[in-house]
Structures are given as structure tokens and as C-alpha cells.
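The file structure37.tsv contains TSV, C-alpha atoms:
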```
chain	number	residue	atom	x	y	z
C	1	MET	CA	92.68	323.58	111.61
C	2	LEU	CA	89.69	325.73	110.70
C	3	ASP	CA	86.99	326.03	113.33
C	4	THR	CA	83.41	327.27	113.32
C	5	ALA	CA	84.54	330.83	114.04
C	6	PHE	CA	86.71	330.75	110.90
C	7	PHE	CA	83.72	329.86	108.75
C	8	ARG	CA	81.61	332.58	110.30
C	9	ARG	CA	84.42	335.05	109.67
C	10	TRP	CA	84.62	333.92	106.02
C	11	LEU	CA	80.92	334.56	105.48
C	12	ALA	CA	81.00	337.86	107.36
C	13	LEU	CA	83.88	339.01	105.14
C	14	ALA	CA	81.98	337.78	102.07
C	15	ALA	CA	78.89	339.70	103.17
C	16	ALA	CA	80.96	342.85	103.70
C	17	ALA	CA	82.61	342.47	100.27
C	18	VAL	CA	79.27	341.93	98.54
C	19	ASP	CA	77.85	344.96	100.31
C	20	ARG	CA	80.86	347.08	99.33
C	21	GLU	CA	80.88	345.88	95.70
C	22	ALA	CA	77.11	345.58	95.15
C	23	ASP	CA	76.94	348.61	92.87
C	24	ARG	CA	79.81	347.32	90.75
C	25	LEU	CA	78.18	343.88	90.46
C	26	THR	CA	74.89	345.44	89.40
C	27	GLU	CA	76.71	347.64	86.90
C	28	LEU	CA	78.36	344.56	85.35
C	29	ASP	CA	74.97	342.85	85.33
C	30	SER	CA	73.31	345.80	83.64
C	31	ALA	CA	75.60	345.24	80.63
C	32	ILE	CA	74.69	341.61	80.00
C	33	GLY	CA	72.07	340.62	82.57
C	34	ASP	CA	69.03	342.07	84.26
C	35	ALA	CA	70.86	344.53	86.51
C	36	ASP	CA	70.06	342.96	89.85
C	37	HIS	CA	73.08	340.83	90.74
C	38	GLY	CA	74.50	343.23	93.33
C	39	SER	CA	71.22	344.03	95.03
C	40	ASN	CA	70.17	340.35	95.01
C	41	LEU	CA	73.41	339.15	96.56
C	42	ARG	CA	73.45	341.99	99.09
C	43	ARG	CA	69.98	340.95	100.24
C	44	GLY	CA	71.05	337.29	100.31
C	45	PHE	CA	74.20	337.82	102.34
C	46	ALA	CA	72.45	340.20	104.74
C	47	SER	CA	69.99	337.37	105.34
C	48	VAL	CA	72.92	334.97	105.88
C	49	SER	CA	74.48	337.29	108.48
C	50	ALA	CA	71.17	337.72	110.30
C	51	ALA	CA	70.53	333.95	110.39
C	52	LEU	CA	74.04	333.15	111.63
C	53	ASP	CA	73.64	335.73	114.42
C	54	ALA	CA	70.15	334.53	115.37
C	55	GLU	CA	71.06	330.87	115.85
C	56	PRO	CA	74.82	330.38	115.69
C	57	PRO	CA	75.53	326.90	114.28
C	58	ALA	CA	77.87	324.60	116.20
C	59	THR	CA	80.00	323.24	113.36
C	60	PRO	CA	81.66	324.52	110.16
C	61	GLY	CA	79.36	322.31	108.08
C	62	ALA	CA	76.27	323.69	109.80
C	63	VAL	CA	77.43	327.28	109.17
C	64	LEU	CA	77.66	326.62	105.43
C	65	VAL	CA	74.41	324.64	105.25
C	66	LEU	CA	72.48	327.40	107.02
C	67	ALA	CA	74.08	330.08	104.84
C	68	GLY	CA	73.23	328.16	101.68
C	69	ARG	CA	69.66	327.76	102.75
C	70	GLN	CA	69.34	331.49	103.39
C	71	LEU	CA	70.73	332.29	99.93
C	72	ILE	CA	68.30	329.93	98.20
C	73	SER	CA	65.35	331.44	100.03
C	74	SER	CA	66.19	335.13	99.93
C	75	VAL	CA	68.07	336.07	96.76
C	76	GLY	CA	65.29	336.04	94.16
C	77	GLY	CA	67.54	335.45	91.15
C	78	ALA	CA	69.57	332.55	89.76
C	79	SER	CA	72.55	333.38	91.95
C	80	GLY	CA	70.52	332.31	95.02
C	81	PRO	CA	70.09	328.64	94.17
C	82	LEU	CA	73.57	328.52	92.63
C	83	TYR	CA	75.48	330.00	95.59
C	84	GLY	CA	73.06	328.27	97.96
C	85	THR	CA	73.92	324.93	96.39
C	86	LEU	CA	77.64	325.71	96.52
C	87	LEU	CA	77.58	326.39	100.26
C	88	ARG	CA	75.11	323.68	101.19
C	89	ARG	CA	76.90	320.95	99.31
C	90	THR	CA	80.24	322.08	100.71
C	91	GLY	CA	78.77	322.12	104.21
C	92	LYS	CA	77.24	318.68	103.85
C	93	GLU	CA	80.60	317.32	102.67
C	94	LEU	CA	82.18	318.62	105.88
C	95	GLY	CA	79.70	316.63	107.96
C	96	ASP	CA	79.68	317.08	111.73
C	97	ALA	CA	83.39	317.82	112.16
C	98	THR	CA	84.04	320.61	114.64
C	99	GLU	CA	87.37	321.49	112.99
C	100	VAL	CA	88.34	321.15	109.38
C	101	ALA	CA	91.80	320.85	107.84
C	102	PRO	CA	92.40	323.16	104.85
C	103	GLY	CA	92.73	320.14	102.57
C	104	ARG	CA	89.33	318.86	103.69
C	105	LEU	CA	87.77	322.22	102.91
C	106	ALA	CA	89.41	322.16	99.48
C	107	GLU	CA	87.89	318.74	98.77
C	108	ALA	CA	84.47	319.81	100.04
C	109	LEU	CA	84.54	322.98	97.94
C	110	ARG	CA	85.38	320.94	94.85
C	111	ALA	CA	82.24	318.88	95.50
C	112	GLY	CA	80.28	322.11	95.99
C	113	VAL	CA	81.52	323.53	92.71
C	114	ALA	CA	80.65	320.28	90.92
C	115	ALA	CA	77.11	320.55	92.32
C	116	VAL	CA	76.83	324.09	90.96
C	117	ALA	CA	77.94	322.89	87.51
C	118	GLN	CA	75.34	320.14	87.64
C	119	LEU	CA	72.51	322.40	88.79
C	120	GLY	CA	73.19	325.04	86.15
C	121	GLY	CA	74.20	322.62	83.41
C	122	ALA	CA	77.23	324.83	82.81
C	123	ALA	CA	80.95	324.27	82.33
C	124	ALA	CA	84.06	326.42	82.48
C	125	GLY	CA	84.16	328.70	79.43
C	126	ASP	CA	80.41	329.39	79.44
C	127	LYS	CA	80.99	332.81	81.04
C	128	THR	CA	79.51	332.01	84.44
C	129	MET	CA	80.61	331.86	88.07
C	130	LEU	CA	82.30	328.55	87.26
C	131	ASP	CA	84.98	330.45	85.35
C	132	ALA	CA	86.16	331.81	88.70
C	133	LEU	CA	85.24	328.89	90.96
C	134	GLU	CA	86.83	326.08	88.97
C	135	PRO	CA	90.32	327.62	88.79
C	136	ALA	CA	89.97	328.61	92.45
C	137	VAL	CA	89.27	325.10	93.70
C	138	ALA	CA	91.93	323.72	91.36
C	139	ALA	CA	94.46	326.03	93.05
C	140	LEU	CA	93.38	325.11	96.59
C	141	GLY	CA	95.85	322.90	98.37
C	142	ASP	CA	96.09	321.57	101.89
C	143	THR	CA	97.38	324.68	103.64
C	144	THR	CA	95.71	328.00	104.34
C	145	GLU	CA	98.53	329.66	102.35
C	146	SER	CA	97.02	328.05	99.25
C	147	PHE	CA	93.87	330.11	99.76
C	148	ALA	CA	95.76	333.14	98.44
C	149	ALA	CA	96.55	331.21	95.26
C	150	ALA	CA	92.87	330.35	94.97
C	151	ARG	CA	91.98	334.04	95.33
C	152	ASP	CA	94.40	334.96	92.52
C	153	ALA	CA	93.12	332.12	90.31
C	154	ALA	CA	89.50	333.19	90.85
C	155	GLU	CA	90.30	336.80	90.03
C	156	ALA	CA	92.21	335.77	86.89
C	157	GLY	CA	89.31	333.50	85.93
C	158	ALA	CA	86.80	336.30	86.36
C	159	GLN	CA	88.95	338.65	84.28
C	160	ALA	CA	89.26	335.97	81.60
C	161	THR	CA	85.47	335.98	81.10
C	162	VAL	CA	85.68	339.36	79.31
C	163	PRO	CA	86.31	337.97	75.79
C	164	LEU	CA	83.97	334.99	76.22
C	165	GLN	CA	80.54	334.65	74.68
C	166	ALA	CA	77.90	333.72	77.26
C	167	ARG	CA	76.32	330.30	76.81
C	168	LYS	CA	74.17	330.18	79.96
C	169	GLY	CA	71.60	332.37	81.60
C	170	ARG	CA	70.13	335.68	80.59
C	171	ALA	CA	73.40	336.83	78.98
C	172	SER	CA	73.31	333.93	76.50
C	173	TYR	CA	70.37	335.57	74.70
C	174	LEU	CA	72.72	338.39	73.73
C	175	GLY	CA	74.96	336.08	71.70
C	176	GLU	CA	78.04	337.92	70.45
C	177	ARG	CA	76.95	341.09	72.22
C	178	SER	CA	77.90	339.42	75.50
C	179	ILE	CA	81.55	339.49	74.38
C	180	GLY	CA	83.67	342.25	75.92
C	181	HIS	CA	81.91	342.31	79.29
C	182	ARG	CA	83.19	340.81	82.49
C	183	ASP	CA	80.76	338.25	83.91
C	184	PRO	CA	79.05	339.44	87.11
C	185	GLY	CA	78.71	335.91	88.53
C	186	ALA	CA	82.40	335.16	88.06
C	187	THR	CA	83.12	338.52	89.68
C	188	SER	CA	81.04	337.78	92.77
C	189	SER	CA	82.58	334.30	92.96
C	190	ALA	CA	86.01	335.92	93.02
C	191	LEU	CA	84.80	338.07	95.95
C	192	LEU	CA	83.69	334.95	97.84
C	193	ILE	CA	87.08	333.28	97.35
C	194	ALA	CA	88.91	336.51	98.23
C	195	ALA	CA	86.93	336.59	101.49
C	196	LEU	CA	88.08	333.03	102.18
C	197	ALA	CA	91.72	334.04	101.64
C	198	GLN	CA	91.25	337.06	103.88
C	199	ALA	CA	89.75	334.91	106.63
C	200	ALA	CA	92.77	332.60	106.33
C	201	GLU	CA	95.22	335.51	106.55
C	202	GLU	CA	93.54	336.77	109.69
C	203	GLU	CA	93.80	333.23	111.07
C	204	ALA	CA	97.57	333.12	110.56
B	1	MET	CA	47.67	319.76	103.12
B	2	SER	CA	44.67	321.79	102.14
B	3	GLY	CA	44.46	320.83	98.47
B	4	GLY	CA	42.25	317.98	98.00
B	5	ASP	CA	40.31	315.01	96.85
B	6	GLY	CA	43.35	312.99	95.90
B	7	LEU	CA	44.07	315.13	92.85
B	8	VAL	CA	47.57	316.14	91.84
B	9	GLY	CA	48.25	319.78	92.71
B	10	ILE	CA	49.81	322.21	90.24
B	11	VAL	CA	52.19	325.06	91.11
B	12	LEU	CA	52.97	327.67	88.45
B	13	VAL	CA	56.24	329.53	89.02
B	14	SER	CA	56.93	332.61	86.92
B	15	HIS	CA	59.22	335.60	87.31
B	16	SER	CA	56.07	337.70	87.22
B	17	ALA	CA	53.16	337.48	89.67
B	18	ARG	CA	50.75	338.59	86.96
B	19	VAL	CA	51.99	335.96	84.52
B	20	ALA	CA	51.68	333.20	87.10
B	21	GLU	CA	48.19	334.33	88.14
B	22	SER	CA	47.01	334.75	84.55
B	23	VAL	CA	48.30	331.38	83.43
B	24	ALA	CA	46.61	329.78	86.44
B	25	GLU	CA	43.36	331.51	85.49
B	26	LEU	CA	43.74	330.44	81.85
B	27	ALA	CA	44.45	326.82	82.76
B	28	ARG	CA	41.52	326.67	85.18
B	29	GLY	CA	39.23	328.20	82.58
B	30	LEU	CA	40.28	325.82	79.83
B	31	ALA	CA	40.05	322.81	82.12
B	32	GLY	CA	36.31	323.37	81.99
B	33	GLY	CA	33.60	322.29	84.37
B	34	GLY	CA	33.61	319.57	86.95
B	35	ALA	CA	36.19	319.00	89.62
B	36	LEU	CA	39.25	321.20	89.26
B	37	ALA	CA	42.67	320.16	90.46
B	38	PRO	CA	44.14	322.67	92.91
B	39	VAL	CA	46.33	325.25	91.15
B	40	ALA	CA	48.46	327.86	92.87
B	41	PRO	CA	50.52	330.62	91.24
B	42	ALA	CA	53.91	331.53	92.71
B	43	GLY	CA	55.03	334.55	90.74
B	44	GLY	CA	57.63	337.22	91.35
B	45	THR	CA	59.18	338.17	94.65
B	46	PRO	CA	57.28	338.77	97.91
B	47	ASP	CA	57.67	342.55	97.48
B	48	GLY	CA	55.98	342.43	94.08
B	49	GLY	CA	59.14	342.58	91.95
B	50	LEU	CA	60.21	340.33	89.11
B	51	GLY	CA	62.13	337.25	90.20
B	52	THR	CA	61.76	333.96	91.98
B	53	SER	CA	60.77	333.44	95.60
B	54	ALA	CA	61.48	330.16	97.35
B	55	GLU	CA	59.08	331.29	100.06
B	56	LEU	CA	56.16	331.78	97.65
B	57	ILE	CA	56.93	328.46	95.94
B	58	THR	CA	56.95	326.44	99.15
B	59	ALA	CA	53.73	328.13	100.31
B	60	ALA	CA	52.01	327.41	96.97
B	61	ALA	CA	53.15	323.79	97.02
B	62	SER	CA	51.81	323.15	100.49
B	63	GLU	CA	48.55	324.87	99.53
B	64	VAL	CA	47.88	322.49	96.62
B	65	ASP	CA	49.27	319.33	98.19
B	66	GLY	CA	46.47	316.84	98.69
B	67	GLY	CA	48.78	313.86	99.07
B	68	ALA	CA	48.67	312.81	95.42
B	69	GLY	CA	51.79	314.74	94.44
B	70	VAL	CA	52.52	318.24	93.21
B	71	ALA	CA	53.60	319.12	89.67
B	72	VAL	CA	55.68	322.30	89.54
B	73	LEU	CA	55.87	324.16	86.22
B	74	VAL	CA	58.35	327.00	85.81
B	75	ASP	CA	59.17	329.66	83.27
B	76	LEU	CA	62.93	330.18	83.07
B	77	GLY	CA	66.31	330.85	84.64
B	78	SER	CA	66.14	331.30	88.39
B	79	ALA	CA	62.67	329.72	88.55
B	80	VAL	CA	64.12	326.46	87.21
B	81	LEU	CA	67.18	326.60	89.45
B	82	THR	CA	65.27	327.53	92.59
B	83	VAL	CA	62.81	324.66	92.24
B	84	LYS	CA	65.65	322.22	91.53
B	85	ALA	CA	67.50	323.48	94.59
B	86	LEU	CA	64.38	323.23	96.78
B	87	ILE	CA	63.77	319.66	95.63
B	88	ALA	CA	67.42	318.85	96.39
B	89	GLU	CA	66.89	320.21	99.91
B	90	GLY	CA	64.60	317.27	100.52
B	91	ASP	CA	62.24	318.78	103.09
B	92	GLU	CA	61.25	322.13	101.59
B	93	LEU	CA	58.55	320.89	99.22
B	94	PRO	CA	55.87	318.25	99.93
B	95	ALA	CA	56.86	314.64	99.38
B	96	GLY	CA	56.04	313.82	95.77
B	97	ALA	CA	56.68	317.32	94.44
B	98	ARG	CA	58.21	317.19	90.99
B	99	LEU	CA	59.65	319.74	88.59
B	100	VAL	CA	57.89	319.10	85.30
B	101	ASP	CA	59.82	319.81	82.11
B	102	ALA	CA	57.20	321.55	79.97
B	103	PRO	CA	56.43	324.80	78.18
B	104	PHE	CA	54.90	327.11	80.76
B	105	VAL	CA	51.53	328.13	79.30
B	106	GLU	CA	50.73	325.08	77.19
B	107	GLY	CA	52.12	322.74	79.83
B	108	ALA	CA	50.03	324.39	82.54
B	109	VAL	CA	46.82	323.84	80.60
B	110	ALA	CA	47.70	320.20	79.87
B	111	ALA	CA	48.69	319.62	83.49
B	112	VAL	CA	45.53	321.13	84.98
B	113	VAL	CA	43.25	319.29	82.54
B	114	THR	CA	44.99	315.98	83.23
B	115	ALA	CA	45.10	316.45	86.99
B	116	SER	CA	41.44	317.51	87.06
B	117	ALA	CA	40.54	314.33	85.18
B	118	GLY	CA	42.15	312.35	87.98
B	119	GLY	CA	45.48	311.62	86.29
B	120	ASP	CA	48.34	310.70	88.59
B	121	LEU	CA	51.61	312.63	88.81
B	122	ASP	CA	53.21	310.61	86.00
B	123	ALA	CA	50.23	311.26	83.74
B	124	VAL	CA	50.26	314.97	84.57
B	125	ALA	CA	54.01	315.23	83.90
B	126	THR	CA	53.70	313.33	80.63
B	127	ALA	CA	50.77	315.42	79.40
B	128	ALA	CA	52.59	318.66	80.23
B	129	ALA	CA	55.80	317.51	78.56
B	130	GLU	CA	53.89	316.45	75.43
B	131	ALA	CA	52.97	320.11	74.93
B	132	TYR	CA	56.55	320.51	73.62
B	133	GLY	CA	55.60	318.29	70.69
B	134	TYR	CA	52.80	320.48	69.41
B	135	ARG	CA	54.31	322.51	66.56
B	136	LYS	CA	52.76	325.80	65.54
B	137	GLU	CA	53.90	325.89	61.96
```
As C-alpha cells:
Amino acid sequence: MLDTAFFRRWLALAAAAVDREADRLTELDSAIGDADHGSNLRRGFASVSAALDAEPPATPGAVLVLAGRQLISSVGGASGPLYGTLLRRTGKELGDATEVAPGRLAEALRAGVAAVAQLGGAAAGDKTMLDALEPAVAALGDTTESFAAARDAAEAGAQATVPLQARKGRASYLGERSIGHRDPGATSSALLIAALAQAAEEEA
Amino acid sequence: MSGGDGLVGIVLVSHSARVAESVAELARGLAGGGALAPVAPAGGTPDGGLGTSAELITAAASEVDGGAGVAVLVDLGSAVLTVKALIAEGDELPAGARLVDAPFVEGAVAAVVTASAGGDLDAVATAAAEAYGYRKE
């Protein structure tokens, strides 16, 4: 079972990964976006860490809802409402449970990813974060071991955005010139799922 | 609730503070004399950069909320997504706040004119959306 501490560890690992990879994310975003993805997410996850430390939530769902709220209010770019919606919807799906089975988290994350698709009006293949998130949640099973498969699926999904032409967001204005660049949103999504797998490995 | 007189309030969300302020000024100017509906710009990030700030949007919405509803017009990308996400939150924006699907500049003028004339939120939203139908060639 995954407890509140597990969810805090996941987000702390995600914040550390975003901080470590911020320059790479911004570099990817300077090719096809407006060159702020890394700095935006770094600010957002720093705000998440500060909020979780200031008033530690009592349940896994509350951890994710608070984190999502912080991302919506502090990021400043489209990744804020998108990741904010992912975490908030996932957290709301978990309800008030104090411990969550891996299969429950998988279900809740699928609902979170569906909410992201609805908010952005995007689908897999559009060269967005969904290209990492959808294969990741498809690979999630009902054990924490499956989180490693989700990490690999997200990474493969992010890599597979390279030949795609962007159909959403700022990159879509570039048309064919968006081809040949790895999508920054799919890349940060892969970091988030890798942090989940890492939290699960430390749990075991 | 400091907006007033039962008029619909208008929030203009742009990636740029100067764009949001200028469009607000333009819309107020073109709305002409008489009572003016409350209009608040929410442009850029709190540190003056380009982007979208949930904090500035919620502050602007509460500033113009007089109880008759708030029409929120946005430019693009993260402005659209942030307002949608705030509305989905349920308690971040005043009750009756609505994202209006309209072109930013033309929609803002139509919205402010309609709201200043006493139109309700549906009328404001419809007038702003109709600005899409005005072709320029």
C-alpha cells in the first residue's frame, strides 16, 4: 500500500528531477516553444515543495490536490494548468483514503490523464505531454513493480515525439519545422513518471 | 465584491501586461460615455514577464465582480488553459465567472459595450462571440 509519505516522496523526487533537468527542458523548448518550460516547471515544483512543507496534507489525495493547485497558480505557462489538472484530478479520484493500492493509483492517474487530454483538447500523436503520459498509464498495473514499466513506456513515448509534427500549443505554429525535435512536455512528463518509479523502488 | 451597480464585470487576460492594459483602455474608450462596466486587465506574470498568472486573474475577477457575473476574455495558450483550470477548481473565481470564447480585442470591445449597456452575462458572452463573425475582407 502507498501512504501519504510515498506521495510526498514522489513529488520531492519529481521536484529534484525537474530542478536537475530544467536547463535541458528549456533547451528543448527553445527549439519549438518559447524557451521557458524548464524555468516554469522549476518554479512550479519549488512552490509545490514549499507548500507541502508548510502544511503537510494528511492523505495521498490531499498531497496531489495541493500540489496541483500550486502548479496552476505558480507556473505561468501552459504546463501549469495541464500538470495542475493531472495531479488535482488524480488526487480527487483517490478521495480521503489514507493508503492507496498501486492499482487504485493507476486508475486515478488514468482519470488524471484523461482530464489533461480534455483540458488541452489534445490526443496522443499531437506531440504533447500525452505522448508520454498515455503509454505510461497504459503500462501501469496493480503492483509497484509495474511503475518501472510505466517509466520505460513514458521515456519511449517522449523519444517517439521526435519525428512528429506538433498539432497543439506554440509548437504547432511551426508546422513541419516542429519535426525532428523532442517534445519538452513529453520529456517532463517522462521525468514525473520516472520519479514515481523511483519512489516505488525506494519503497520496496 | 467591489465592482458594481449590477453590471457584468470583464476580465482581460493576456500574456502581456501592456496588451491587457491597452485593450482594457481601448474597450473603455470605445464604450463611450455613461456608466461603464468594471473592466480589469490581468496581463503577464507578477514579476512583469510574459505569461499567465492565476494570481492576477483571480484578483482581477474579484475586483470586477459586482454579483452579476464576470466574463473572462483571454488571448491564447496558457491563458485559455489557466482560466479553464481555475473555473474547474470551483472556488477560485467568483460564482458566475465564465470563460468567453471570443477574439481578444474585438470581443473585449463588444463585451464592455454590452455590459455597460446593462446586458446580462449571456448577452455579454453572445456579443463577444459574435465578433468572430465580422469578416475583414
Counting only C-alpha atoms, which residues in chain C sit no more than 12 Å from chain B? For each one, give the nearest pair of atoms and the distance in Å, sorted by chain then residue number, as JSON lines.
```
{"residue": "C:Gly33", "atom": "CA", "partner": "B:Gly77", "partner_atom": "CA", "distance": 11.5}
{"residue": "C:Asp34", "atom": "CA", "partner": "B:Leu50", "partner_atom": "CA", "distance": 10.2}
{"residue": "C:Ala35", "atom": "CA", "partner": "B:Leu50", "partner_atom": "CA", "distance": 11.7}
{"residue": "C:Asp36", "atom": "CA", "partner": "B:Gly51", "partner_atom": "CA", "distance": 9.8}
{"residue": "C:His37", "atom": "CA", "partner": "B:Gly51", "partner_atom": "CA", "distance": 11.5}
{"residue": "C:Asn40", "atom": "CA", "partner": "B:Gly51", "partner_atom": "CA", "distance": 9.9}
{"residue": "C:Gly44", "atom": "CA", "partner": "B:Ser53", "partner_atom": "CA", "distance": 11.9}
{"residue": "C:Val65", "atom": "CA", "partner": "B:Glu89", "partner_atom": "CA", "distance": 10.2}
{"residue": "C:Leu66", "atom": "CA", "partner": "B:Glu89", "partner_atom": "CA", "distance": 11.6}
{"residue": "C:Gly68", "atom": "CA", "partner": "B:Ala85", "partner_atom": "CA", "distance": 10.2}
{"residue": "C:Arg69", "atom": "CA", "partner": "B:Glu89", "partner_atom": "CA", "distance": 8.5}
{"residue": "C:Gln70", "atom": "CA", "partner": "B:Ala54", "partner_atom": "CA", "distance": 10.0}
{"residue": "C:Leu71", "atom": "CA", "partner": "B:Ala54", "partner_atom": "CA", "distance": 9.8}
{"residue": "C:Ile72", "atom": "CA", "partner": "B:Thr82", "partner_atom": "CA", "distance": 6.8}
{"residue": "C:Ser73", "atom": "CA", "partner": "B:Ala54", "partner_atom": "CA", "distance": 4.9}
{"residue": "C:Ser74", "atom": "CA", "partner": "B:Ser53", "partner_atom": "CA", "distance": 7.1}
{"residue": "C:Val75", "atom": "CA", "partner": "B:Ser53", "partner_atom": "CA", "distance": 7.8}
{"residue": "C:Gly76", "atom": "CA", "partner": "B:Thr52", "partner_atom": "CA", "distance": 4.6}
{"residue": "C:Gly77", "atom": "CA", "partner": "B:Ser78", "partner_atom": "CA", "distance": 5.2}
{"residue": "C:Ala78", "atom": "CA", "partner": "B:Ser78", "partner_atom": "CA", "distance": 3.9}
{"residue": "C:Ser79", "atom": "CA", "partner": "B:Ser78", "partner_atom": "CA", "distance": 7.6}
{"residue": "C:Gly80", "atom": "CA", "partner": "B:Thr82", "partner_atom": "CA", "distance": 7.5}
{"residue": "C:Pro81", "atom": "CA", "partner": "B:Thr82", "partner_atom": "CA", "distance": 5.2}
{"residue": "C:Leu82", "atom": "CA", "partner": "B:Leu81", "partner_atom": "CA", "distance": 7.4}
{"residue": "C:Tyr83", "atom": "CA", "partner": "B:Ala85", "partner_atom": "CA", "distance": 10.4}
{"residue": "C:Gly84", "atom": "CA", "partner": "B:Ala85", "partner_atom": "CA", "distance": 8.1}
{"residue": "C:Thr85", "atom": "CA", "partner": "B:Ala85", "partner_atom": "CA", "distance": 6.8}
{"residue": "C:Leu86", "atom": "CA", "partner": "B:Ala85", "partner_atom": "CA", "distance": 10.6}
{"residue": "C:Leu87", "atom": "CA", "partner": "B:Ala85", "partner_atom": "CA", "distance": 11.9}
{"residue": "C:Arg88", "atom": "CA", "partner": "B:Glu89", "partner_atom": "CA", "distance": 9.0}
{"residue": "C:Arg89", "atom": "CA", "partner": "B:Glu89", "partner_atom": "CA", "distance": 10.1}
{"residue": "C:Lys92", "atom": "CA", "partner": "B:Glu89", "partner_atom": "CA", "distance": 11.2}
{"residue": "C:Ala115", "atom": "CA", "partner": "B:Ala85", "partner_atom": "CA", "distance": 10.3}
{"residue": "C:Val116", "atom": "CA", "partner": "B:Ala85", "partner_atom": "CA", "distance": 10.0}
{"residue": "C:Ala117", "atom": "CA", "partner": "B:Leu81", "partner_atom": "CA", "distance": 11.5}
{"residue": "C:Gln118", "atom": "CA", "partner": "B:Leu81", "partner_atom": "CA", "distance": 10.6}
{"residue": "C:Leu119", "atom": "CA", "partner": "B:Leu81", "partner_atom": "CA", "distance": 6.8}
{"residue": "C:Gly120", "atom": "CA", "partner": "B:Leu81", "partner_atom": "CA", "distance": 7.0}
{"residue": "C:Gly121", "atom": "CA", "partner": "B:Leu81", "partner_atom": "CA", "distance": 10.1}
{"residue": "C:Lys168", "atom": "CA", "partner": "B:Gly77", "partner_atom": "CA", "distance": 9.2}
{"residue": "C:Gly169", "atom": "CA", "partner": "B:Gly77", "partner_atom": "CA", "distance": 6.3}
{"residue": "C:Arg170", "atom": "CA", "partner": "B:Gly77", "partner_atom": "CA", "distance": 7.4}
{"residue": "C:Ala171", "atom": "CA", "partner": "B:Gly77", "partner_atom": "CA", "distance": 10.9}
{"residue": "C:Ser172", "atom": "CA", "partner": "B:Gly77", "partner_atom": "CA", "distance": 11.2}
{"residue": "C:Tyr173", "atom": "CA", "partner": "B:Gly77", "partner_atom": "CA", "distance": 11.7}
```
Save the residues we just selected, C-alpha atoms, as a CSV table (one decimal), keeping the file's coordinate frame?
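Contents of selection.csv, freshly written:
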```csv
chain,number,residue,atom,x,y,z
C,33,GLY,CA,72.1,340.6,82.6
C,34,ASP,CA,69.0,342.1,84.3
C,35,ALA,CA,70.9,344.5,86.5
C,36,ASP,CA,70.1,343.0,89.8
C,37,HIS,CA,73.1,340.8,90.7
C,40,ASN,CA,70.2,340.4,95.0
C,44,GLY,CA,71.0,337.3,100.3
C,65,VAL,CA,74.4,324.6,105.2
C,66,LEU,CA,72.5,327.4,107.0
C,68,GLY,CA,73.2,328.2,101.7
C,69,ARG,CA,69.7,327.8,102.8
C,70,GLN,CA,69.3,331.5,103.4
C,71,LEU,CA,70.7,332.3,99.9
C,72,ILE,CA,68.3,329.9,98.2
C,73,SER,CA,65.4,331.4,100.0
C,74,SER,CA,66.2,335.1,99.9
C,75,VAL,CA,68.1,336.1,96.8
C,76,GLY,CA,65.3,336.0,94.2
C,77,GLY,CA,67.5,335.4,91.2
C,78,ALA,CA,69.6,332.6,89.8
C,79,SER,CA,72.6,333.4,92.0
C,80,GLY,CA,70.5,332.3,95.0
C,81,PRO,CA,70.1,328.6,94.2
C,82,LEU,CA,73.6,328.5,92.6
C,83,TYR,CA,75.5,330.0,95.6
C,84,GLY,CA,73.1,328.3,98.0
C,85,THR,CA,73.9,324.9,96.4
C,86,LEU,CA,77.6,325.7,96.5
C,87,LEU,CA,77.6,326.4,100.3
C,88,ARG,CA,75.1,323.7,101.2
C,89,ARG,CA,76.9,321.0,99.3
C,92,LYS,CA,77.2,318.7,103.8
C,115,ALA,CA,77.1,320.6,92.3
C,116,VAL,CA,76.8,324.1,91.0
C,117,ALA,CA,77.9,322.9,87.5
C,118,GLN,CA,75.3,320.1,87.6
C,119,LEU,CA,72.5,322.4,88.8
C,120,GLY,CA,73.2,325.0,86.2
C,121,GLY,CA,74.2,322.6,83.4
C,168,LYS,CA,74.2,330.2,80.0
C,169,GLY,CA,71.6,332.4,81.6
C,170,ARG,CA,70.1,335.7,80.6
C,171,ALA,CA,73.4,336.8,79.0
C,172,SER,CA,73.3,333.9,76.5
C,173,TYR,CA,70.4,335.6,74.7
```
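Counting only C-alpha atoms, Glu176 of chain C has the following residues at most 12 Å away, ignoring those fewer than 2 positions along the same chain: C:Ile32, C:Val162, C:Pro163, C:Leu164, C:Gln165, C:Ala166, C:Arg167, C:Ala171, C:Ser172, C:Tyr173, C:Leu174, C:Ser178, C:Ile179, C:Gly180, C:His181.
A straight line drawn from atom CA of Arg151 of chain C to atom CA of Arg43 of chain C is 23.6 Å long.
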May I have the residues at most 10 Å from (79.7, 346.3, 86.2) in the file's coordinates, counting only C-alpha atoms, as a PyMOL selection string?
-> chain C and resi 21-32+35+37-38+181-184+187
Now that the selection is made, can you save its residues with C-alpha atoms as a PDB file, keeping the file's coordinate frame?
```pdb
ATOM      1  CA  GLU C  21      80.880 345.880  95.700  1.00  0.00           C
ATOM      2  CA  ALA C  22      77.110 345.580  95.150  1.00  0.00           C
ATOM      3  CA  ASP C  23      76.940 348.610  92.870  1.00  0.00           C
ATOM      4  CA  ARG C  24      79.810 347.320  90.750  1.00  0.00           C
ATOM      5  CA  LEU C  25      78.180 343.880  90.460  1.00  0.00           C
ATOM      6  CA  THR C  26      74.890 345.440  89.400  1.00  0.00           C
ATOM      7  CA  GLU C  27      76.710 347.640  86.900  1.00  0.00           C
ATOM      8  CA  LEU C  28      78.360 344.560  85.350  1.00  0.00           C
ATOM      9  CA  ASP C  29      74.970 342.850  85.330  1.00  0.00           C
ATOM     10  CA  SER C  30      73.310 345.800  83.640  1.00  0.00           C
ATOM     11  CA  ALA C  31      75.600 345.240  80.630  1.00  0.00           C
ATOM     12  CA  ILE C  32      74.690 341.610  80.000  1.00  0.00           C
ATOM     13  CA  ALA C  35      70.860 344.530  86.510  1.00  0.00           C
ATOM     14  CA  HIS C  37      73.080 340.830  90.740  1.00  0.00           C
ATOM     15  CA  GLY C  38      74.500 343.230  93.330  1.00  0.00           C
ATOM     16  CA  HIS C 181      81.910 342.310  79.290  1.00  0.00           C
ATOM     17  CA  ARG C 182      83.190 340.810  82.490  1.00  0.00           C
ATOM     18  CA  ASP C 183      80.760 338.250  83.910  1.00  0.00           C
ATOM     19  CA  PRO C 184      79.050 339.440  87.110  1.00  0.00           C
ATOM     20  CA  THR C 187      83.120 338.520  89.680  1.00  0.00           C
TER      21      THR C 187
END
```
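Considering all atoms listed in the file, the residue among B:Pro103, B:Gly133, B:Pro41, B:Gly118 positioned nearest to Val64 of chain B is B:Pro41.
Across the structure, atom CA of Val113 of chain C and atom CA of Ala102 of chain B are spaced 27.5 Å apart.
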